[in-house]
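*Asks:* Provided herewith is a single structure, encoded as structure tokens, for subsequent inquiry.
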Number of protein chains: 2
Amino acid sequence: MEENFELVTIGIVRKEEEKTWIEIFKEYEKALLKLDEFSHIITLWWVTGRDTEEDRKNLQSHPKVSGKVKDAPLCGVFATRSPARPNPIGLTTVKILSITKNRIYIDKTDAFDNTPIIDIKPYIPKSDCIMNVTIPDFFDILRERREE
Amino acid sequence: MEENFELVTIGIVRKEEEKTWIEIFKEYEKALLKLDEFSHIITLWWVTGRDTEEDRKNLQSHPKVSGKVKDAPLCGVFATRSPARPNPIGLTTVKILSITKNRIYIDKTDAFDNTPIIDIKPYIPKSDCIMNVTIPDFFDILRERREE
């Protein structure tokens, strides 16, 4: 079911030498007020490379599990973080290093250089940090929490 | 900057009597395989009620902090979870109670009945559960983590 949901790009990911930042477009710079008081943000981005008819029809895949790999069974894409999914939206929580004008310098992101950013939300423990989580055995190396 | 980013609705929120569930459209039911092995999902939804020209131009607001309220200062919307933002995308992490065919029964969500769902992602501690988070003093009641 297609809808008239119109997305605007609010900025782009930039990677240059050792630095990674989100370049917020000037017209949205005011929306960054007070963001420097948060340590982490949730970034939503458009996975342009996977915005293809074929990738968006993908409903099942074998998730990639890095490190000590167990055989991952076939999963529905809503049970994976695969970028090949009906709406190719990437979600990555990143650490803010500093904010200078319209640039949010961050530690790292899996989004490529020039990726369109569609939203930035502050990471709020009460809603986003869940302590008693169950995930499948084949994802067991992803069970540990991020200590950073 | 408007782009041709085309979103599809993959399901809707349903609330009826005491029950809350996400009704995934039949054509996406296959994408739920193995999701029942996760305890929590991140839901992305379209805040239809805030998809107005005025709300999408909103760049700054005073965040609502429930409970013991301190005066919250004016913040950029990217430093708040306000639904009035350039792209009215809601993000809520919810607990799965059970999955039956194309219905994901959940504990609760702040999305209204009939809200369009645009993505479902499994909650993975290694990427989503961050332990050392700083948030501003005026959000201090939101610092505690979710023990559920």
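In the structure tokens, each chain is lettered A, B, ... as it comes, each chain's residues begin at 1, and ligands are numbered from 1 in order of appearance.
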Do a neighbour search on B:Lys121 at 8 Å with only C-alpha atoms, toss out local chain neighbours closer than 4 positions, and write the hits as a PyMOL selection string.

*Replies:* (chain A and resi 78-81) or (chain B and resi 41-43)

*Asks:* Quick one: DSSP strand (DSSP E) residues in chain B, as a PyMOL selection string?

*Replies:* chain B and resi 2-8+11-16+19-24+40-46+60-61+75-76+89-100+103-106+116-122

*Asks:* Write out as a PDB file with N, CA and C atoms, in the first residue's frame the residues lying within 6 Å of stretch 82-87 of chain B, counting only C-alpha atoms and excluding same-chain residues fewer than 4 positions away.

*Replies:*
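The resulting file, selection-v1.pdb, is reproduced below:
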ATOM      1  N   LEU A   7       9.029  12.322   2.376  1.00  0.00           N
ATOM      2  CA  LEU A   7      10.208  12.497   3.222  1.00  0.00           C
ATOM      3  C   LEU A   7      11.069  13.635   2.695  1.00  0.00           C
TER       4      LEU A   7
ATOM      5  N   ARG B  50       0.362  14.602  12.564  1.00  0.00           N
ATOM      6  CA  ARG B  50       1.324  15.697  12.534  1.00  0.00           C
ATOM      7  C   ARG B  50       1.925  15.910  11.145  1.00  0.00           C
ATOM      8  N   ASP B  55       3.272  21.734  11.252  1.00  0.00           N
ATOM      9  CA  ASP B  55       4.037  20.897  12.180  1.00  0.00           C
ATOM     10  C   ASP B  55       5.394  20.513  11.605  1.00  0.00           C
ATOM     11  N   ARG B  56       5.450  20.331  10.299  1.00  0.00           N
ATOM     12  CA  ARG B  56       6.716  19.907   9.692  1.00  0.00           C
ATOM     13  C   ARG B  56       7.710  21.051   9.567  1.00  0.00           C
ATOM     14  N   ASN B  58       8.090  23.002  12.162  1.00  0.00           N
ATOM     15  CA  ASN B  58       8.492  23.236  13.551  1.00  0.00           C
ATOM     16  C   ASN B  58       9.943  22.808  13.775  1.00  0.00           C
TER      17      ASN B  58
END

*Asks:* For A:Lys101, work out the shell of residues within 12 Å, counting only C-alpha atoms and skipping chain neighbours fewer than 5 positions away, then give it as a list in words.

*Replies:*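 The residues satisfying every condition are Trp21, Ile22, Glu23, Ile24, Phe25, Lys26, Glu27, Tyr28, Glu29, Lys30, Ala31, Leu32, Leu33, Lys34, Leu35 and Asp36 of chain A.
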
*Asks:* From the list A:Pro63, A:Pro116, A:Gly76, A:Gly11, which residue is nearest chain B when using only C-alpha atoms?

*Replies:*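 For chain B, the nearest of the candidates is A:Gly76.
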
*Asks:* Rotate and translate chain B onto chain A via least squares on all in-order Cα pairs, then write the result as a compact mmCIF listing (two decimals) with N, CA and C atoms, in the first residue's frame.

*Replies:*
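Final output, saved to superposed.txt:
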# COMPACT_ATOMS: atom_id res chain seq x y z
N MET B 1 0.89 -1.19 0.05
CA MET B 1 0.03 -0.02 0.02
C MET B 1 0.90 1.25 0.01
N GLU B 2 0.93 1.94 -1.09
CA GLU B 2 1.72 3.16 -1.15
C GLU B 2 0.92 4.33 -0.59
N GLU B 3 1.61 5.20 0.07
CA GLU B 3 0.96 6.34 0.67
C GLU B 3 1.67 7.59 0.20
N ASN B 4 1.03 8.72 0.42
CA ASN B 4 1.70 9.97 0.11
C ASN B 4 2.49 10.46 1.32
N PHE B 5 3.38 9.63 1.79
CA PHE B 5 4.24 10.04 2.89
C PHE B 5 5.48 10.65 2.26
N GLU B 6 5.64 11.93 2.45
CA GLU B 6 6.71 12.65 1.77
C GLU B 6 7.88 12.88 2.73
N LEU B 7 9.02 12.33 2.39
CA LEU B 7 10.20 12.51 3.23
C LEU B 7 11.06 13.65 2.70
N VAL B 8 11.61 14.40 3.63
CA VAL B 8 12.62 15.39 3.25
C VAL B 8 13.96 14.93 3.80
N THR B 9 15.01 15.29 3.10
CA THR B 9 16.36 15.01 3.60
C THR B 9 16.77 16.17 4.48
N ILE B 10 17.19 15.88 5.71
CA ILE B 10 17.56 16.98 6.63
C ILE B 10 19.08 17.17 6.70
N GLY B 11 19.81 16.25 6.11
CA GLY B 11 21.27 16.37 6.13
C GLY B 11 21.89 15.15 5.49
N ILE B 12 23.21 15.08 5.53
CA ILE B 12 23.90 13.92 4.96
C ILE B 12 25.04 13.49 5.87
N VAL B 13 25.39 12.22 5.75
CA VAL B 13 26.57 11.69 6.43
C VAL B 13 27.80 12.14 5.66
N ARG B 14 28.83 12.56 6.38
CA ARG B 14 30.11 12.89 5.74
C ARG B 14 31.23 12.12 6.44
N LYS B 15 32.11 11.57 5.59
CA LYS B 15 33.30 10.87 6.11
C LYS B 15 34.50 11.42 5.36
N GLU B 16 35.48 11.89 6.09
CA GLU B 16 36.64 12.50 5.45
C GLU B 16 37.84 12.24 6.34
N GLU B 17 38.86 11.65 5.79
CA GLU B 17 40.04 11.26 6.57
C GLU B 17 39.57 10.50 7.81
N GLU B 18 39.93 10.98 8.99
CA GLU B 18 39.58 10.22 10.20
C GLU B 18 38.23 10.64 10.77
N LYS B 19 37.63 11.65 10.18
CA LYS B 19 36.43 12.23 10.81
C LYS B 19 35.13 11.77 10.16
N THR B 20 34.11 11.63 11.01
CA THR B 20 32.78 11.28 10.55
C THR B 20 31.82 12.29 11.17
N TRP B 21 30.97 12.88 10.33
CA TRP B 21 30.00 13.80 10.90
C TRP B 21 28.70 13.78 10.11
N ILE B 22 27.69 14.34 10.74
CA ILE B 22 26.42 14.54 10.05
C ILE B 22 26.31 16.02 9.75
N GLU B 23 26.19 16.32 8.48
CA GLU B 23 26.09 17.70 8.04
C GLU B 23 24.59 18.01 7.90
N ILE B 24 24.07 18.71 8.88
CA ILE B 24 22.66 19.09 8.85
C ILE B 24 22.53 20.29 7.90
N PHE B 25 21.53 20.25 7.02
CA PHE B 25 21.37 21.37 6.10
C PHE B 25 21.05 22.64 6.89
N LYS B 26 21.57 23.76 6.39
CA LYS B 26 21.48 25.05 7.09
C LYS B 26 20.05 25.38 7.54
N GLU B 27 19.06 25.04 6.71
CA GLU B 27 17.68 25.40 7.07
C GLU B 27 17.15 24.63 8.28
N TYR B 28 17.88 23.59 8.70
CA TYR B 28 17.45 22.82 9.89
C TYR B 28 18.38 23.03 11.09
N GLU B 29 19.34 23.92 10.96
CA GLU B 29 20.34 24.09 12.03
C GLU B 29 19.71 24.45 13.37
N LYS B 30 18.64 25.24 13.35
CA LYS B 30 17.94 25.62 14.60
C LYS B 30 17.42 24.42 15.37
N ALA B 31 17.17 23.33 14.67
CA ALA B 31 16.62 22.12 15.30
C ALA B 31 17.66 21.37 16.12
N LEU B 32 18.91 21.89 16.14
CA LEU B 32 19.98 21.24 16.92
C LEU B 32 20.15 21.85 18.31
N LEU B 33 19.41 22.93 18.60
CA LEU B 33 19.55 23.60 19.90
C LEU B 33 19.45 22.59 21.05
N LYS B 34 20.42 22.60 21.94
CA LYS B 34 20.47 21.74 23.15
C LYS B 34 20.87 20.29 22.87
N LEU B 35 21.03 19.95 21.61
CA LEU B 35 21.40 18.56 21.32
C LEU B 35 22.77 18.22 21.92
N ASP B 36 23.60 19.25 22.12
CA ASP B 36 24.94 19.00 22.67
C ASP B 36 24.90 18.55 24.13
N GLU B 37 23.71 18.57 24.74
CA GLU B 37 23.61 18.07 26.13
C GLU B 37 23.32 16.57 26.19
N PHE B 38 23.16 15.97 25.03
CA PHE B 38 22.96 14.51 24.96
C PHE B 38 24.27 13.85 24.50
N SER B 39 24.50 12.64 24.98
CA SER B 39 25.71 11.93 24.55
C SER B 39 25.48 11.09 23.30
N HIS B 40 24.24 10.65 23.09
CA HIS B 40 23.95 9.74 21.97
C HIS B 40 22.68 10.15 21.23
N ILE B 41 22.66 9.87 19.95
CA ILE B 41 21.46 10.09 19.13
C ILE B 41 21.13 8.85 18.32
N ILE B 42 19.84 8.72 18.04
CA ILE B 42 19.39 7.69 17.10
C ILE B 42 19.27 8.38 15.74
N THR B 43 19.99 7.84 14.76
CA THR B 43 19.90 8.43 13.42
C THR B 43 19.06 7.53 12.51
N LEU B 44 18.18 8.13 11.76
CA LEU B 44 17.42 7.40 10.74
C LEU B 44 17.91 7.88 9.39
N TRP B 45 18.20 6.94 8.51
CA TRP B 45 18.78 7.31 7.21
C TRP B 45 18.16 6.46 6.11
N TRP B 46 18.28 6.97 4.90
CA TRP B 46 17.72 6.28 3.74
C TRP B 46 18.83 5.48 3.06
N VAL B 47 18.62 4.15 2.97
CA VAL B 47 19.65 3.29 2.40
C VAL B 47 19.53 3.35 0.88
N THR B 48 20.05 4.43 0.29
CA THR B 48 19.84 4.67 -1.14
C THR B 48 20.26 3.49 -2.01
N GLY B 49 21.35 2.83 -1.64
CA GLY B 49 21.84 1.70 -2.43
C GLY B 49 20.88 0.51 -2.46
N ARG B 50 19.96 0.46 -1.52
CA ARG B 50 19.01 -0.64 -1.47
C ARG B 50 17.59 -0.21 -1.86
N ASP B 51 17.48 0.99 -2.39
CA ASP B 51 16.17 1.46 -2.81
C ASP B 51 15.90 0.98 -4.24
N THR B 52 15.83 -0.34 -4.38
CA THR B 52 15.56 -0.95 -5.68
C THR B 52 14.33 -1.83 -5.55
N GLU B 53 13.67 -2.05 -6.66
CA GLU B 53 12.45 -2.86 -6.64
C GLU B 53 12.73 -4.25 -6.06
N GLU B 54 13.88 -4.82 -6.46
CA GLU B 54 14.20 -6.17 -6.01
C GLU B 54 14.47 -6.22 -4.50
N ASP B 55 15.30 -5.30 -4.02
CA ASP B 55 15.62 -5.31 -2.59
C ASP B 55 14.39 -5.03 -1.73
N ARG B 56 13.50 -4.19 -2.24
CA ARG B 56 12.32 -3.84 -1.44
C ARG B 56 11.27 -4.94 -1.44
N LYS B 57 11.43 -5.89 -2.34
CA LYS B 57 10.53 -7.06 -2.33
C LYS B 57 11.06 -8.16 -1.42
N ASN B 58 12.31 -8.00 -0.95
CA ASN B 58 12.92 -9.03 -0.12
C ASN B 58 12.19 -9.17 1.21
N LEU B 59 11.71 -10.38 1.51
CA LEU B 59 10.98 -10.59 2.77
C LEU B 59 11.70 -11.52 3.73
N GLN B 60 12.65 -12.31 3.21
CA GLN B 60 13.37 -13.24 4.09
C GLN B 60 14.84 -13.31 3.68
N SER B 61 15.72 -13.44 4.66
CA SER B 61 17.14 -13.61 4.35
C SER B 61 17.85 -14.24 5.54
N HIS B 62 19.09 -14.68 5.30
CA HIS B 62 19.92 -15.20 6.38
C HIS B 62 20.70 -14.03 6.98
N PRO B 63 20.43 -13.67 8.22
CA PRO B 63 21.12 -12.50 8.79
C PRO B 63 22.62 -12.72 8.89
N LYS B 64 23.36 -11.65 8.70
CA LYS B 64 24.81 -11.70 8.89
C LYS B 64 25.09 -11.48 10.36
N VAL B 65 25.87 -12.37 10.93
CA VAL B 65 26.27 -12.21 12.32
C VAL B 65 27.79 -12.22 12.32
N SER B 66 28.38 -11.10 12.67
CA SER B 66 29.84 -11.02 12.61
C SER B 66 30.45 -11.71 13.82
N GLY B 67 31.76 -11.90 13.75
CA GLY B 67 32.46 -12.53 14.87
C GLY B 67 32.27 -14.03 14.82
N LYS B 68 32.09 -14.63 15.97
CA LYS B 68 31.93 -16.07 16.07
C LYS B 68 30.56 -16.46 15.49
N VAL B 69 30.59 -16.90 14.26
CA VAL B 69 29.34 -17.10 13.53
C VAL B 69 28.74 -18.48 13.79
N LYS B 70 27.51 -18.49 14.17
CA LYS B 70 26.75 -19.72 14.12
C LYS B 70 25.95 -19.68 12.82
N ASP B 71 25.51 -20.82 12.37
CA ASP B 71 24.69 -20.80 11.18
C ASP B 71 23.38 -20.09 11.50
N ALA B 72 23.16 -18.99 10.84
CA ALA B 72 21.92 -18.26 11.08
C ALA B 72 20.85 -18.82 10.15
N PRO B 73 19.69 -19.16 10.70
CA PRO B 73 18.63 -19.71 9.86
C PRO B 73 17.95 -18.62 9.02
N LEU B 74 17.14 -19.03 8.10
CA LEU B 74 16.36 -18.07 7.32
C LEU B 74 15.43 -17.29 8.26
N CYS B 75 15.42 -15.98 8.13
CA CYS B 75 14.60 -15.12 9.00
C CYS B 75 13.77 -14.18 8.14
N GLY B 76 12.63 -13.78 8.64
CA GLY B 76 11.90 -12.68 8.03
C GLY B 76 12.71 -11.40 8.17
N VAL B 77 12.62 -10.50 7.20
CA VAL B 77 13.46 -9.30 7.29
C VAL B 77 13.10 -8.42 8.48
N PHE B 78 11.87 -8.53 9.01
CA PHE B 78 11.55 -7.74 10.20
C PHE B 78 12.20 -8.34 11.46
N ALA B 79 12.81 -9.52 11.31
CA ALA B 79 13.59 -10.12 12.40
C ALA B 79 15.09 -9.95 12.14
N THR B 80 15.44 -9.11 11.18
CA THR B 80 16.85 -8.81 10.89
C THR B 80 17.02 -7.29 10.73
N ARG B 81 18.29 -6.87 10.67
CA ARG B 81 18.57 -5.46 10.40
C ARG B 81 19.03 -5.30 8.95
N SER B 82 18.74 -6.29 8.12
CA SER B 82 19.11 -6.21 6.71
C SER B 82 18.61 -4.92 6.07
N PRO B 83 19.47 -4.27 5.25
CA PRO B 83 19.01 -3.06 4.55
C PRO B 83 18.06 -3.36 3.39
N ALA B 84 17.98 -4.64 2.97
CA ALA B 84 17.06 -5.01 1.89
C ALA B 84 15.71 -5.35 2.54
N ARG B 85 14.81 -4.37 2.57
CA ARG B 85 13.54 -4.49 3.27
C ARG B 85 12.53 -3.56 2.60
N PRO B 86 11.24 -3.73 2.90
CA PRO B 86 10.23 -2.95 2.17
C PRO B 86 10.47 -1.44 2.17
N ASN B 87 10.82 -0.87 3.33
CA ASN B 87 11.24 0.54 3.37
C ASN B 87 12.71 0.57 3.81
N PRO B 88 13.61 0.95 2.90
CA PRO B 88 15.05 0.88 3.22
C PRO B 88 15.49 2.00 4.16
N ILE B 89 15.02 1.91 5.41
CA ILE B 89 15.40 2.89 6.42
C ILE B 89 16.45 2.26 7.32
N GLY B 90 17.57 2.94 7.47
CA GLY B 90 18.61 2.50 8.39
C GLY B 90 18.44 3.19 9.73
N LEU B 91 18.75 2.46 10.80
CA LEU B 91 18.64 3.02 12.16
C LEU B 91 19.94 2.72 12.88
N THR B 92 20.67 3.76 13.25
CA THR B 92 21.93 3.57 13.95
C THR B 92 22.03 4.55 15.11
N THR B 93 22.33 4.02 16.29
CA THR B 93 22.56 4.88 17.44
C THR B 93 24.04 5.20 17.49
N VAL B 94 24.36 6.49 17.57
CA VAL B 94 25.76 6.91 17.51
C VAL B 94 26.08 7.84 18.67
N LYS B 95 27.37 7.92 18.96
CA LYS B 95 27.86 8.77 20.04
C LYS B 95 28.25 10.13 19.47
N ILE B 96 27.79 11.18 20.12
CA ILE B 96 28.17 12.54 19.71
C ILE B 96 29.54 12.87 20.28
N LEU B 97 30.45 13.32 19.42
CA LEU B 97 31.76 13.78 19.92
C LEU B 97 31.73 15.28 20.18
N SER B 98 31.16 16.01 19.24
CA SER B 98 31.01 17.47 19.42
C SER B 98 30.05 17.98 18.36
N ILE B 99 29.52 19.15 18.60
CA ILE B 99 28.64 19.78 17.61
C ILE B 99 29.17 21.18 17.35
N THR B 100 29.41 21.48 16.09
CA THR B 100 29.88 22.81 15.69
C THR B 100 28.95 23.32 14.60
N LYS B 101 28.20 24.36 14.94
CA LYS B 101 27.21 24.91 14.00
C LYS B 101 26.30 23.78 13.50
N ASN B 102 26.34 23.49 12.21
CA ASN B 102 25.43 22.47 11.66
C ASN B 102 26.10 21.11 11.47
N ARG B 103 27.23 20.91 12.14
CA ARG B 103 27.92 19.61 12.03
C ARG B 103 27.88 18.87 13.36
N ILE B 104 27.39 17.63 13.30
CA ILE B 104 27.41 16.76 14.47
C ILE B 104 28.54 15.75 14.24
N TYR B 105 29.65 15.93 14.94
CA TYR B 105 30.75 14.97 14.81
C TYR B 105 30.42 13.75 15.65
N ILE B 106 30.55 12.56 15.08
CA ILE B 106 30.17 11.32 15.76
C ILE B 106 31.32 10.33 15.72
N ASP B 107 31.19 9.28 16.55
CA ASP B 107 32.29 8.31 16.60
C ASP B 107 32.34 7.46 15.33
N LYS B 108 31.19 6.92 14.93
CA LYS B 108 31.17 6.08 13.72
C LYS B 108 29.73 5.78 13.34
N THR B 109 29.55 5.33 12.11
CA THR B 109 28.24 4.89 11.66
C THR B 109 28.43 3.90 10.53
N ASP B 110 27.47 3.00 10.38
CA ASP B 110 27.54 2.05 9.27
C ASP B 110 27.00 2.67 7.98
N ALA B 111 26.44 3.87 8.06
CA ALA B 111 25.96 4.55 6.84
C ALA B 111 27.16 5.06 6.05
N PHE B 112 27.07 4.96 4.73
CA PHE B 112 28.15 5.43 3.87
C PHE B 112 28.19 6.96 3.79
N ASP B 113 29.33 7.46 3.30
CA ASP B 113 29.47 8.88 2.99
C ASP B 113 28.35 9.31 2.04
N ASN B 114 27.78 10.47 2.30
CA ASN B 114 26.71 11.06 1.48
C ASN B 114 25.32 10.45 1.66
N THR B 115 25.18 9.57 2.63
CA THR B 115 23.85 8.98 2.89
C THR B 115 22.88 10.06 3.38
N PRO B 116 21.66 10.10 2.84
CA PRO B 116 20.67 11.08 3.32
C PRO B 116 20.18 10.73 4.73
N ILE B 117 20.17 11.72 5.59
CA ILE B 117 19.63 11.58 6.95
C ILE B 117 18.19 12.08 6.93
N ILE B 118 17.27 11.28 7.52
CA ILE B 118 15.87 11.71 7.53
C ILE B 118 15.36 12.08 8.92
N ASP B 119 16.06 11.66 9.97
CA ASP B 119 15.66 12.11 11.31
C ASP B 119 16.80 11.86 12.30
N ILE B 120 16.78 12.69 13.34
CA ILE B 120 17.73 12.58 14.46
C ILE B 120 16.88 12.65 15.72
N LYS B 121 17.04 11.68 16.60
CA LYS B 121 16.31 11.70 17.87
C LYS B 121 17.30 11.51 19.01
N PRO B 122 17.06 12.20 20.14
CA PRO B 122 17.95 11.98 21.28
C PRO B 122 17.74 10.58 21.85
N TYR B 123 18.82 9.95 22.26
CA TYR B 123 18.73 8.62 22.91
C TYR B 123 18.35 8.84 24.36
N ILE B 124 17.21 8.29 24.76
CA ILE B 124 16.67 8.49 26.10
C ILE B 124 16.55 7.14 26.80
N PRO B 125 17.36 6.92 27.85
CA PRO B 125 17.38 5.59 28.48
C PRO B 125 16.00 5.05 28.81
N LYS B 126 15.11 5.87 29.34
CA LYS B 126 13.83 5.35 29.81
C LYS B 126 13.00 4.71 28.69
N SER B 127 13.19 5.18 27.47
CA SER B 127 12.42 4.56 26.38
C SER B 127 13.29 3.67 25.48
N ASP B 128 14.59 3.90 25.45
CA ASP B 128 15.44 3.23 24.46
C ASP B 128 16.38 2.17 25.02
N CYS B 129 16.65 2.23 26.33
CA CYS B 129 17.64 1.31 26.91
C CYS B 129 16.91 0.23 27.70
N ILE B 130 16.76 -0.93 27.11
CA ILE B 130 15.96 -1.99 27.72
C ILE B 130 16.88 -3.07 28.25
N MET B 131 16.67 -3.42 29.51
CA MET B 131 17.64 -4.26 30.21
C MET B 131 17.38 -5.76 30.06
N ASN B 132 16.13 -6.16 30.01
CA ASN B 132 15.84 -7.59 29.99
C ASN B 132 15.35 -8.03 28.62
N VAL B 133 16.31 -8.24 27.75
CA VAL B 133 16.00 -8.50 26.35
C VAL B 133 16.33 -9.95 26.00
N THR B 134 15.47 -10.58 25.24
CA THR B 134 15.76 -11.91 24.71
C THR B 134 15.98 -11.80 23.21
N ILE B 135 17.04 -12.44 22.73
CA ILE B 135 17.26 -12.54 21.28
C ILE B 135 17.57 -14.01 20.98
N PRO B 136 17.45 -14.43 19.72
CA PRO B 136 17.65 -15.84 19.41
C PRO B 136 19.09 -16.29 19.67
N ASP B 137 19.26 -17.58 19.87
CA ASP B 137 20.60 -18.13 20.13
C ASP B 137 21.58 -17.82 19.01
N PHE B 138 21.09 -17.79 17.76
CA PHE B 138 22.03 -17.58 16.65
C PHE B 138 22.55 -16.14 16.61
N PHE B 139 21.98 -15.26 17.43
CA PHE B 139 22.45 -13.88 17.54
C PHE B 139 23.21 -13.67 18.84
N ASP B 140 23.66 -14.76 19.47
CA ASP B 140 24.09 -14.61 20.87
C ASP B 140 25.23 -13.63 21.08
N ILE B 141 26.10 -13.47 20.07
CA ILE B 141 27.20 -12.52 20.26
C ILE B 141 26.70 -11.07 20.26
N LEU B 142 25.44 -10.88 19.89
CA LEU B 142 24.91 -9.52 19.87
C LEU B 142 24.15 -9.20 21.15
N ARG B 143 24.27 -10.11 22.12
CA ARG B 143 23.50 -9.93 23.35
C ARG B 143 24.12 -8.91 24.29
N GLU B 144 25.46 -8.81 24.27
CA GLU B 144 26.10 -7.88 25.21
C GLU B 144 25.70 -6.44 24.89
N ARG B 145 25.70 -5.62 25.91
CA ARG B 145 25.29 -4.22 25.73
C ARG B 145 26.48 -3.34 25.37
N ARG B 146 26.16 -2.15 24.92
CA ARG B 146 27.23 -1.23 24.52
C ARG B 146 27.71 -0.42 25.70
N GLU B 147 28.96 -0.64 26.07
CA GLU B 147 29.56 0.10 27.19
C GLU B 147 30.43 1.19 26.57
N GLU B 148 29.89 2.32 26.34
CA GLU B 148 30.72 3.39 25.76
C GLU B 148 30.24 4.75 26.23

*Asks:* Among chain A, which residues carry a DSSP assignment of alpha helix (DSSP H), reported as a list in words?

*Replies:*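 DSSP-assigned alpha helix (DSSP H) residues in chain A: Glu53, Glu54, Asp55, Arg56, Pro125, Lys126, Ser127 and Asp128 of chain A.
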